[in-house]
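Reading through the structure tokens given below for one structure.
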Amino acid sequence: MFAKVVRSAAGQISATALRRAARPLTILDVKGVKEEIIERSDYPIPKCLEIMSGETTAVLGYGPQGRGQALNLRDNGFKVCVGVKKGKSWDAAVKDGWVEGKDLFSVEEASDKATVIQFLISDAGQKDVWPKIQPYLTPGKALYFSHGFGVIYHDQTGIIPPKDIDVILVAPKGSGLTVRTHFLEGRGINGSYAVFQDATGKAKERALALAMGVGCGHMFHTTFEKEVSSDLTGERCVLMGMLQGAFKAQYDVLREAGHSPSEAYNETIEEALCSLYPLVAQNGMDWMYANCSTTAQRGALDWAPKFEAAIKPVVQDCYNEVLAGREAARSIQKNSEPDYREKLEAELAEIADQEMWIAGRQLRPLRPENQ
């Protein structure tokens with residue numbers, strides 16, 4: 001999808017295609033802090049296929065992340081199979097063209113066939129599945145994660161990889177749905193990579209080849225520890241938890257002051273998501289400040305420090321909870337409760353029943369592009 005594989009008449013990947021990566025790597029320099037950035041042009045798909053020649057990748061789990069990564073690997077020409085238990089996920093895989101006995105197997109059988117095992121089952125679910133795949137983690141294989149949760153919180157998950165395998169991480173910075181849709185649009189998604197164990201001497205190459213194979217556009221280096229702490233904090237704060245809290249706080253203030261649902265929703269959510277956030281994504285918040293009305297500019301400059309002062313202690317508290325392992329323990333404990341699904345559905349229903357999201361469901365179809 002991202003690069004066409006160039007092969008000779010004998011079927012070998014051309015030397016010209018492989019030499020495309022022979023250039024200096026991009027170095028990010030942010031006020032003296034330098035980072036090496038791996039771009040798609042450094043690891044074009046032909047080079048990645050060469051690195052993974054003779055390897056079989058098993059994607060365990062077919063939730064959003066497993067599905068997106070498995071389909072992208074398949075479309076890019078990698079030898080890949082899916083390992084999942086029969087049920088809803090199995091049926092979804094069949095619908096996507098995976099064939100039982102050919103490239104769709106049980107978790108155990110897929111793990112046995114693979115040289116690289118992508119462990120993309122949910123964090124809570126990994127704890128239960130881990131004993132099933134351990135017998136297949138034979139010397140020289142690679143164990144691949146997209147989140148360092150299971151390894152870093154091994155005291156709670158029991159996940160301690162054997163020393164004679166590679167343990168790598170590729171973490172796309174987005175949902176599995178975004179991984180797939182961006183791939184189909186030819187865009188890719190940014191991601192991070194890490195090597196926890198390099199038993200074969202080729203762990204980094206495996207990680208980067210698979211990163212581009214699953215649809216990443218550029219990669220930055222991290223560690224399993226830093227990926228976990230930043231990811232868990234982000235989910236609870238700016239990416240989801242804080243965003244929901246901020247939306248609701250402003251919407252409620254406006255409604256309590258007599259503003260209509262449509263006005264409160266538009267001024268709080270619609271304008272942010274449809275008008276301003278895309279511009280911030282393209283150009284940065286600094287550009288947004290320099291290219292808005294003088295009234296908005298003055299107000300934002302004056303109030304941003306107040307919000308930072310109010311919010312930073314909450315973010316710090318969240319980060320501390322993550323580092324202490326208490327967020328991991330809470331997640332595992334909650335997900336392990338027999339009535340968790342029932343309780344979760346009640347919590348999700350409560351959010352869906354909030355007036356601002358009821359208003360949103362009625363207003364979104366009225367967007368001009370939906371008419």
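Residues are referred to by chain and number: the chain letter is A, B, ... according to the order shown in the structure tokens, the number counts from 1 in that chain, and ligands are numbered separately from 1 in the order shown.
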Find the residues of segment 81-199 of chain A that sit at most 9 Å from segment 305-328 of chain A; for each, write down the nearest two atoms and how far apart they are in Å, to one decimal. Count only C-alpha atoms. Sort by chain, then by number going up, and give it as CSV.
residue,atom,partner,partner_atom,distance
A:Phe149,CA,A:Ala328,CA,7.7
A:Tyr153,CA,A:Gly325,CA,7.2
A:Gln156,CA,A:Ala328,CA,8.2
Exercise. Identify, on the basis of only C-alpha atoms, every residue whose closest approach to Ile165 of chain A does not exceed 8 Å; exclude the query and any residue fewer than 6 positions from it along the same chain; express the result as a PyMOL selection string.
Key: chain A and resi 137-143+197-200
Could the residues in this selection be written to a file with N, CA, C and O atoms, as a short mmCIF file (atom, residue, chain, number, x, y, z; two decimals), in the first residue's frame?
data_model
loop_
_atom_site.label_atom_id
_atom_site.label_comp_id
_atom_site.auth_asym_id
_atom_site.auth_seq_id
_atom_site.Cartn_x
_atom_site.Cartn_y
_atom_site.Cartn_z
N LEU A 137 7.41 -19.95 22.72
CA LEU A 137 8.43 -18.90 22.70
C LEU A 137 9.81 -19.55 22.72
O LEU A 137 10.54 -19.49 23.70
N THR A 138 10.15 -20.16 21.60
CA THR A 138 11.39 -20.90 21.49
C THR A 138 12.54 -19.96 21.08
O THR A 138 12.30 -18.86 20.58
N PRO A 139 13.78 -20.38 21.31
CA PRO A 139 14.94 -19.51 21.04
C PRO A 139 14.93 -18.91 19.64
O PRO A 139 14.64 -19.60 18.65
N GLY A 140 15.23 -17.62 19.57
CA GLY A 140 15.33 -16.92 18.30
C GLY A 140 14.05 -16.26 17.83
O GLY A 140 14.07 -15.44 16.91
N LYS A 141 12.93 -16.61 18.44
CA LYS A 141 11.68 -15.96 18.05
C LYS A 141 11.63 -14.53 18.59
O LYS A 141 12.47 -14.12 19.38
N ALA A 142 10.64 -13.79 18.15
CA ALA A 142 10.43 -12.43 18.64
C ALA A 142 9.02 -12.32 19.22
O ALA A 142 8.06 -12.82 18.63
N LEU A 143 8.93 -11.68 20.37
CA LEU A 143 7.65 -11.38 21.00
C LEU A 143 7.43 -9.88 20.86
O LEU A 143 8.24 -9.07 21.33
N GLN A 197 14.54 -6.76 24.78
CA GLN A 197 15.56 -7.80 24.73
C GLN A 197 16.00 -8.00 23.29
O GLN A 197 15.16 -8.03 22.38
N ASP A 198 17.32 -8.12 23.08
CA ASP A 198 17.85 -8.39 21.75
C ASP A 198 18.68 -9.66 21.81
O ASP A 198 19.90 -9.61 21.95
N ALA A 199 18.02 -10.79 21.71
CA ALA A 199 18.71 -12.08 21.82
C ALA A 199 19.37 -12.48 20.51
O ALA A 199 20.36 -13.21 20.51
N THR A 200 18.84 -11.98 19.38
CA THR A 200 19.32 -12.42 18.07
C THR A 200 20.26 -11.42 17.41
O THR A 200 20.91 -11.75 16.42
#
Quiz item: Got a sec: who's within 8 Å of segment 74-81 of chain A, counting only C-alpha atoms, leaving out chain neighbours fewer than 4 positions off, as a ChimeraX atom specification?
Solution: /A:1-2,45,49,52,55-59,70,98,102-105,110,213
Export, as an mmCIF file, in the first residue's frame, the selected residues with C-alpha atoms.
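Final file, again10.cif:
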data_model
loop_
_atom_site.group_PDB
_atom_site.id
_atom_site.type_symbol
_atom_site.label_atom_id
_atom_site.label_comp_id
_atom_site.auth_asym_id
_atom_site.auth_seq_id
_atom_site.Cartn_x
_atom_site.Cartn_y
_atom_site.Cartn_z
ATOM 1 C CA MET A 1 0.000 0.000 0.000
ATOM 2 C CA PHE A 2 2.738 2.477 0.953
ATOM 3 C CA ILE A 45 8.463 -1.830 2.230
ATOM 4 C CA LEU A 49 10.196 -7.511 3.352
ATOM 5 C CA MET A 52 11.508 -10.276 7.366
ATOM 6 C CA GLU A 55 9.685 -15.046 8.885
ATOM 7 C CA THR A 56 6.043 -15.671 9.724
ATOM 8 C CA THR A 57 4.209 -13.192 11.917
ATOM 9 C CA ALA A 58 1.251 -14.298 14.021
ATOM 10 C CA VAL A 59 -1.090 -11.560 15.180
ATOM 11 C CA ALA A 70 -2.849 -7.773 10.590
ATOM 12 C CA TRP A 98 -8.708 -14.909 6.750
ATOM 13 C CA LYS A 102 -4.500 -21.368 5.997
ATOM 14 C CA ASP A 103 -3.882 -18.111 7.842
ATOM 15 C CA LEU A 104 -6.430 -18.274 10.664
ATOM 16 C CA PHE A 105 -5.718 -20.513 13.648
ATOM 17 C CA ALA A 110 -0.612 -19.582 15.297
ATOM 18 C CA GLY A 213 4.610 -3.037 7.649
#
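Rounded to one decimal, atom CA of Lys86 of chain A and atom CA of Gly66 of chain A lie 15.2 Å from each other.
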Which parts of segment 141-240 of chain A does DSSP call alpha helix (DSSP H) when run on the backbone here, written out as a short mmCIF file (atom, residue, chain, number, x, y, z; two decimals) with N, CA, C and O atoms, in the first residue's frame?
data_model
loop_
_atom_site.label_atom_id
_atom_site.label_comp_id
_atom_site.auth_asym_id
_atom_site.auth_seq_id
_atom_site.Cartn_x
_atom_site.Cartn_y
_atom_site.Cartn_z
N PHE A 149 2.60 -2.58 28.77
CA PHE A 149 1.88 -2.85 30.01
C PHE A 149 2.22 -4.22 30.60
O PHE A 149 2.61 -4.35 31.76
N GLY A 150 2.05 -5.28 29.80
CA GLY A 150 2.21 -6.63 30.31
C GLY A 150 3.59 -6.92 30.84
O GLY A 150 3.76 -7.60 31.86
N VAL A 151 4.61 -6.41 30.15
CA VAL A 151 6.00 -6.67 30.55
C VAL A 151 6.39 -5.82 31.76
O VAL A 151 7.01 -6.32 32.70
N ILE A 152 6.04 -4.54 31.73
CA ILE A 152 6.45 -3.64 32.82
C ILE A 152 5.74 -3.99 34.12
O ILE A 152 6.34 -3.95 35.20
N HIS A 154 4.85 -6.89 35.17
CA HIS A 154 4.93 -8.35 35.20
C HIS A 154 4.58 -8.93 36.57
O HIS A 154 4.16 -10.09 36.68
N ASP A 155 4.76 -8.12 37.63
CA ASP A 155 4.40 -8.61 38.95
C ASP A 155 2.90 -8.82 39.08
O ASP A 155 2.43 -9.59 39.94
N GLN A 156 2.13 -8.16 38.20
CA GLN A 156 0.68 -8.30 38.21
C GLN A 156 0.16 -9.16 37.07
O GLN A 156 -0.94 -9.72 37.16
N THR A 157 0.93 -9.24 35.97
CA THR A 157 0.47 -10.00 34.80
C THR A 157 1.14 -11.37 34.68
O THR A 157 0.61 -12.25 33.99
N GLY A 176 -6.61 1.33 16.69
CA GLY A 176 -6.47 0.36 15.61
C GLY A 176 -7.27 0.76 14.39
O GLY A 176 -6.87 0.51 13.24
N LEU A 177 -8.43 1.39 14.61
CA LEU A 177 -9.24 1.86 13.49
C LEU A 177 -8.48 2.90 12.68
O LEU A 177 -8.48 2.86 11.44
N THR A 178 -7.79 3.81 13.38
CA THR A 178 -7.01 4.83 12.69
C THR A 178 -5.83 4.22 11.95
O THR A 178 -5.48 4.65 10.85
N VAL A 179 -5.20 3.22 12.56
CA VAL A 179 -4.09 2.51 11.90
C VAL A 179 -4.55 2.00 10.53
O VAL A 179 -3.84 2.13 9.53
N ARG A 180 -5.73 1.43 10.48
CA ARG A 180 -6.24 0.87 9.23
C ARG A 180 -6.72 1.95 8.26
O ARG A 180 -6.37 1.92 7.07
N THR A 181 -7.51 2.89 8.72
CA THR A 181 -8.06 3.90 7.81
C THR A 181 -6.95 4.78 7.23
O THR A 181 -6.98 5.11 6.05
N HIS A 182 -5.97 5.15 8.05
CA HIS A 182 -4.86 5.96 7.53
C HIS A 182 -4.07 5.17 6.49
O HIS A 182 -3.60 5.74 5.50
N PHE A 183 -3.90 3.88 6.73
CA PHE A 183 -3.20 3.03 5.77
C PHE A 183 -3.94 3.02 4.42
O PHE A 183 -3.34 3.19 3.37
N LEU A 184 -5.24 2.84 4.48
CA LEU A 184 -6.03 2.78 3.25
C LEU A 184 -6.02 4.12 2.51
O LEU A 184 -6.16 4.17 1.29
N ALA A 203 16.86 -7.49 16.70
CA ALA A 203 15.58 -7.06 17.27
C ALA A 203 15.14 -5.70 16.74
O ALA A 203 13.97 -5.51 16.39
N LYS A 204 16.07 -4.74 16.66
CA LYS A 204 15.71 -3.41 16.18
C LYS A 204 15.24 -3.47 14.73
O LYS A 204 14.24 -2.83 14.36
N GLU A 205 15.95 -4.22 13.89
CA GLU A 205 15.56 -4.34 12.49
C GLU A 205 14.18 -4.99 12.36
O GLU A 205 13.36 -4.56 11.55
N ARG A 206 13.94 -6.00 13.15
CA ARG A 206 12.62 -6.63 13.13
C ARG A 206 11.54 -5.62 13.51
O ARG A 206 10.49 -5.53 12.88
N ALA A 207 11.80 -4.86 14.57
CA ALA A 207 10.81 -3.90 15.05
C ALA A 207 10.50 -2.85 13.99
O ALA A 207 9.33 -2.55 13.72
N LEU A 208 11.53 -2.29 13.37
CA LEU A 208 11.31 -1.22 12.41
C LEU A 208 10.68 -1.74 11.11
O LEU A 208 9.83 -1.07 10.52
N ALA A 209 11.07 -2.94 10.70
CA ALA A 209 10.45 -3.52 9.51
C ALA A 209 8.96 -3.75 9.74
O ALA A 209 8.13 -3.45 8.87
N LEU A 210 8.62 -4.28 10.89
CA LEU A 210 7.21 -4.52 11.20
C LEU A 210 6.47 -3.22 11.42
O LEU A 210 5.28 -3.11 11.09
N ALA A 211 7.14 -2.22 11.99
CA ALA A 211 6.49 -0.92 12.19
C ALA A 211 6.01 -0.34 10.88
O ALA A 211 4.86 0.12 10.76
N MET A 212 6.87 -0.36 9.87
CA MET A 212 6.45 0.15 8.56
C MET A 212 5.43 -0.78 7.92
O MET A 212 4.51 -0.35 7.23
N GLY A 213 5.56 -2.08 8.19
CA GLY A 213 4.61 -3.04 7.65
C GLY A 213 3.20 -2.85 8.17
O GLY A 213 2.22 -3.04 7.44
N PHE A 224 10.15 0.48 26.94
CA PHE A 224 8.87 -0.09 27.39
C PHE A 224 8.32 0.72 28.56
O PHE A 224 7.12 1.00 28.62
N GLU A 225 9.21 1.11 29.48
CA GLU A 225 8.77 1.86 30.66
C GLU A 225 8.16 3.21 30.29
O GLU A 225 7.09 3.58 30.77
N LYS A 226 8.87 3.95 29.43
CA LYS A 226 8.38 5.28 29.06
C LYS A 226 7.12 5.21 28.21
O LYS A 226 6.24 6.07 28.31
N GLU A 227 7.02 4.20 27.36
CA GLU A 227 5.81 4.05 26.55
C GLU A 227 4.59 3.84 27.45
O GLU A 227 3.54 4.44 27.24
N VAL A 228 4.75 2.99 28.46
CA VAL A 228 3.62 2.70 29.36
C VAL A 228 3.21 3.95 30.13
O VAL A 228 2.03 4.30 30.19
N SER A 229 4.18 4.63 30.72
CA SER A 229 3.84 5.78 31.57
C SER A 229 3.23 6.92 30.76
O SER A 229 2.28 7.58 31.20
N SER A 230 3.76 7.16 29.55
CA SER A 230 3.21 8.25 28.73
C SER A 230 1.85 7.87 28.16
O SER A 230 0.93 8.70 28.12
N ASP A 231 1.70 6.62 27.74
CA ASP A 231 0.45 6.18 27.13
C ASP A 231 -0.70 6.17 28.14
O ASP A 231 -1.79 6.68 27.87
N LEU A 232 -0.46 5.58 29.30
CA LEU A 232 -1.52 5.54 30.31
C LEU A 232 -1.90 6.93 30.78
O LEU A 232 -3.08 7.23 31.00
N THR A 233 -0.91 7.81 30.92
CA THR A 233 -1.21 9.18 31.33
C THR A 233 -2.00 9.91 30.25
O THR A 233 -2.99 10.59 30.54
N GLY A 234 -1.59 9.75 29.00
CA GLY A 234 -2.29 10.41 27.90
C GLY A 234 -3.74 9.99 27.80
O GLY A 234 -4.63 10.83 27.62
N GLU A 235 -4.00 8.68 27.93
CA GLU A 235 -5.37 8.19 27.85
C GLU A 235 -6.25 8.79 28.94
O GLU A 235 -7.42 9.12 28.70
N ARG A 236 -5.70 8.89 30.13
CA ARG A 236 -6.48 9.38 31.26
C ARG A 236 -6.61 10.89 31.25
O ARG A 236 -7.55 11.43 31.85
#
Exercise. Figure out the distance between atom CA of Trp287 of chain A and atom CA of His218 of chain A, please, to one decimal in Å.
Key: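 Taking atom CA of His218 of chain A as the start and atom CA of Trp287 of chain A as the end point, the length is 23.2 Å.
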Practice problem: Taking the DSSP assignment computed from this structure's backbone, write out as a ChimeraX atom specification all residues of segment 204-273 of chain A that belong to strand (DSSP E or B). | Solution: /A:216-221
Quiz item: So how far away is atom CA of Val82 of chain A from atom CA of Arg67 of chain A, in Å?
Solution: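 Computing it gives 8.9 Å between the two atoms.
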